[in-house]
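A.B. asks: Quick one: this structure, given as structure tokens, is what I'll be asking you about.
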Amino acid sequence: MKIFLTGASGLVGSAFAQAASRRGHHVTGLVGSYAGTVPGVTEKRSLDLTDDAALTAAVLEAFPDAIVNCAAVSEPPQCDADPARAQALNVALPAILARLAHHVSARFVHLSSEQVFDGTNPPYAIQSPTRPINLYARQKLESERLVLAAAPEFAIVLRAPLLTGNSLSGKRSLHERLFADWAAGKAPLVYSDEIRQPCTAANLADVMLELLERNDVRGLYHWAGAEPCSRLELARRIRAHFKLGETAAPLQAVTRAENPKAAAKRQANLTLDLQPLAGKLKTPLETIEAQLDQFIVPPPFREWYFAQA
Ligand SMILES: NC(=O)c1ccc[n+]([C@@H]2O[C@H](COP(=O)([O-])OP(=O)(O)OC[C@H]3O[C@@H](n4cnc5c(N)ncnc54)[C@H](OP(=O)(O)O)[C@@H]3O)[C@@H](O)[C@H]2O)c1
């Protein structure tokens, strides 16, 4: 399959490129500012995805069998800091990609988020009422609607959970950020009463590919890990996994009640109901243990880490 992949340098995009290349697909990988190589990408292109004309030309030139959108402003604080840029990447971009997919008759995979729910009444099924409580979540919800309306016969929209794993920069995912704090001698702040259901970006990428390779799947789906877990518990397990007991600064547990202003924009419990996909795919649901086994010491912090050993 010829796949046009946006966000190839991101946490999910880079995992997807590697999964797709293992399965023999040709991947045209679009990056923004990332200058390094992207393993798994057959052909790397740098493009500002807010340039509609350049994006349209690139899609028409590639004339792909599938478009996979992993580009985004993927963190709520970044959306609040630059709402116009976030709107362009999180809403306008998926809408134009869906129209292009429809135009060239390509399958389209777009990623949404667990954050479309408010976190007060889990577990959330696909049909559960959505109630976004921050700008990022509102944008992801709007993108779902626009994509499914523009390419109903071609689009798969997956709501993903908190994602773990190894990023190209070594500074993107949860364990990598914990390492950044520890290497700087800081005690990371982690919520003890926020529940998420993480899976690795690599596991999500396998699901995206599996759905893409099947010709009978369209519409909106949920995917996540096998186990809901608090952020604090996850951080504790990461710390134990890397045997950082005495050498790194302790975790600072906080509760939502202690930070009411921040909590107003953060969901308490985003456990997802994974029907109808759970148990029906070749890709397994990942336990936390299976995720920990895949984490590597992030390259930017290796020197610090091995000096502790
Ligand atoms: N990470 C999570 O926990 C999580 C959870 C649920 C859903 N999701 C969703 O999953 C998708 C992928 O997220 P992610 O975490 O992999 O994102 P990420 O690591 O933040 O990567 C974002 C990607 O978008 C690209 N990009 C941003 N602005 C661009 C521009 N103007 N032009 C070209 N490329 C641009 C970046 O390219 P450069 O770096 O090269 O500039 C990068 O490749 C998003 O839709 C996100 O909302 C993520």
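Chains: A, B, ... in order of the structure tokens. Residues: from 1 per chain. Ligands: from 1, in order shown.
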Would you list the residues that come within 6 Å of ligand 1? Count only C-alpha atoms and all ligand atoms and give the answer as number ranges by chain.

C.D. replies: A: 7-13, 31-34, 47-50, 70-74, 111-113, 160-163

A.B. asks: Got a sec: who's within 10 Å of Ser14 of chain A, counting only C-alpha atoms, leaving out chain neighbours fewer than 3 positions off, as JSON, numbers by chain?

C.D. replies: {"A": [5, 6, 7, 8, 9, 10, 11, 17, 18, 19, 20, 29, 38, 39, 40, 41, 70, 166, 167, 168, 201, 202, 205]}

A.B. asks: Pick from A:Val116, A:Ala57, A:Val104, A:Leu209: nearest to Leu270 of chain A, with only C-alpha atoms counted?

C.D. replies: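 Of A:Val116, A:Ala57, A:Val104, A:Leu209, the one nearest Leu270 of chain A is A:Val116, counting only C-alpha atoms.
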
A.B. asks: Can you list every residue in segment 168-208 of chain A that DSSP puts in strand (DSSP E), as a list in words?

C.D. replies: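 For segment 168-208 of chain A, the strand (DSSP E) set is Leu189, Val190, Tyr191, Ile195, Arg196, Cys199 and Thr200 of chain A.
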
A.B. asks: Pick from A:Pro122, A:Gly219, A:Gly170, A:Gly24: nearest to His110 of chain A, with only C-alpha atoms counted?

C.D. replies: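 Using only C-alpha atoms, His110 of chain A sits closest to A:Gly219.
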
A.B. asks: Could you check which of A:Thr28, A:Gln197, A:Gln87, A:Thr37 is closest to Ile67 of chain A, using only C-alpha atoms?

C.D. replies: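 Checking each candidate against Ile67 of chain A, we get A:Thr28 as the closest.
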
A.B. asks: Have a look at A:Glu303, A:Asp181, A:Glu286, A:Asp216 and name the one nearest to Cys199 of chain A; count only C-alpha atoms.

C.D. replies: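 Residue with the minimum atom-to-atom distance to Cys199 of chain A: A:Glu286.
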
A.B. asks: Compare A:Asn215, A:Ser230, A:Ser169, A:Thr255 by their minimum atom-to-atom distance to Pro299 of chain A, counting only C-alpha atoms, and give me the closest one.

C.D. replies: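 The closest residue to Pro299 of chain A is A:Ser169.
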
A.B. asks: For Ala262 of chain A, which of A:Phe4, A:His102, A:Phe117, A:Asn134 is the closest residue, counting only C-alpha atoms?

C.D. replies: A:Asn134

A.B. asks: What residues in segment 7-116 of chain A get the DSSP label alpha helix (DSSP H)? Please answer as an mmCIF file with C-alpha atoms, in the first residue's frame.

C.D. replies:
data_model
loop_
_atom_site.group_PDB
_atom_site.id
_atom_site.type_symbol
_atom_site.label_atom_id
_atom_site.label_comp_id
_atom_site.auth_asym_id
_atom_site.auth_seq_id
_atom_site.Cartn_x
_atom_site.Cartn_y
_atom_site.Cartn_z
ATOM 1 C CA LEU A 11 5.226 9.801 18.936
ATOM 2 C CA VAL A 12 2.527 7.917 17.011
ATOM 3 C CA GLY A 13 3.667 8.801 13.488
ATOM 4 C CA SER A 14 7.165 7.426 14.017
ATOM 5 C CA ALA A 15 5.751 4.202 15.505
ATOM 6 C CA PHE A 16 3.320 3.925 12.604
ATOM 7 C CA ALA A 17 6.092 4.393 10.007
ATOM 8 C CA GLN A 18 8.061 1.527 11.550
ATOM 9 C CA ALA A 19 5.027 -0.759 11.755
ATOM 10 C CA ALA A 20 4.047 0.008 8.152
ATOM 11 C CA SER A 21 7.539 -0.598 6.810
ATOM 12 C CA ARG A 22 7.717 -3.968 8.628
ATOM 13 C CA ASP A 52 -3.226 24.000 2.116
ATOM 14 C CA ALA A 53 -1.981 24.461 -1.437
ATOM 15 C CA ALA A 54 1.344 22.717 -0.767
ATOM 16 C CA LEU A 55 -0.428 19.925 1.125
ATOM 17 C CA THR A 56 -2.926 19.387 -1.690
ATOM 18 C CA ALA A 57 -0.105 19.268 -4.246
ATOM 19 C CA ALA A 58 1.826 16.755 -2.114
ATOM 20 C CA VAL A 59 -1.204 14.443 -1.764
ATOM 21 C CA LEU A 60 -2.041 14.626 -5.455
ATOM 22 C CA GLU A 61 1.582 13.927 -6.362
ATOM 23 C CA ALA A 62 1.743 10.904 -4.029
ATOM 24 C CA PRO A 76 -3.826 20.920 25.812
ATOM 25 C CA PRO A 77 -1.444 23.600 27.163
ATOM 26 C CA GLN A 78 0.031 24.081 23.672
ATOM 27 C CA CYS A 79 -3.486 24.567 22.284
ATOM 28 C CA ASP A 80 -4.262 27.190 24.928
ATOM 29 C CA ALA A 81 -0.972 28.956 24.167
ATOM 30 C CA PRO A 83 -5.381 28.516 19.692
ATOM 31 C CA ALA A 84 -5.198 29.602 16.028
ATOM 32 C CA ARG A 85 -2.286 27.275 15.259
ATOM 33 C CA ALA A 86 -4.016 24.474 17.151
ATOM 34 C CA GLN A 87 -7.247 25.053 15.199
ATOM 35 C CA LEU A 93 -5.939 19.875 8.641
ATOM 36 C CA PRO A 94 -7.948 16.679 9.264
ATOM 37 C CA ALA A 95 -10.896 18.211 7.407
ATOM 38 C CA ILE A 96 -8.832 18.972 4.309
ATOM 39 C CA LEU A 97 -7.103 15.560 4.478
ATOM 40 C CA ALA A 98 -10.508 13.860 4.632
ATOM 41 C CA ARG A 99 -11.656 15.800 1.560
ATOM 42 C CA LEU A 100 -8.448 14.835 -0.249
ATOM 43 C CA ALA A 101 -8.910 11.190 0.773
ATOM 44 C CA HIS A 102 -12.416 11.301 -0.665
ATOM 45 C CA HIS A 103 -11.072 12.942 -3.838
ATOM 46 C CA VAL A 104 -8.359 10.309 -4.483
#

A.B. asks: Atom CA of Arg131 of chain A and atom CA of Glu114 of chain A are how many Å apart?

C.D. replies: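 Atom CA of Arg131 of chain A sits 10.7 Å away from atom CA of Glu114 of chain A.
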
A.B. asks: Got a sec: who's within 8 Å of Ala125 of chain A, counting only C-alpha atoms, leaving out chain neighbours fewer than 2 positions off, as a CSV table (one decimal) with N, CA and C atoms, in the first residue's frame?

C.D. replies:
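Done, and the output landed in part-v6.csv:
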chain,number,residue,atom,x,y,z
A,123,PRO,N,-17.1,3.8,32.6
A,123,PRO,CA,-16.3,3.8,31.4
A,123,PRO,C,-17.1,4.4,30.2
A,127,GLN,N,-20.7,5.5,22.0
A,127,GLN,CA,-22.0,6.3,22.0
A,127,GLN,C,-22.2,7.2,23.2
A,128,SER,N,-21.3,7.1,24.2
A,128,SER,CA,-21.5,7.9,25.4
A,128,SER,C,-21.5,9.4,25.1
A,222,HIS,N,-12.8,3.1,19.6
A,222,HIS,CA,-12.0,3.3,20.8
A,222,HIS,C,-10.9,2.3,20.8
A,272,LEU,N,-12.0,3.7,29.1
A,272,LEU,CA,-12.8,3.6,27.9
A,272,LEU,C,-13.4,2.1,27.8
A,273,ASP,N,-14.6,2.0,27.2
A,273,ASP,CA,-15.1,0.8,26.8
A,273,ASP,C,-14.6,0.5,25.4
A,274,LEU,N,-13.9,-0.6,25.2
A,274,LEU,CA,-13.2,-0.8,23.9
A,274,LEU,C,-14.0,-1.7,22.9
A,275,GLN,N,-15.3,-1.9,23.2
A,275,GLN,CA,-16.1,-2.6,22.2
A,275,GLN,C,-16.4,-1.6,21.0
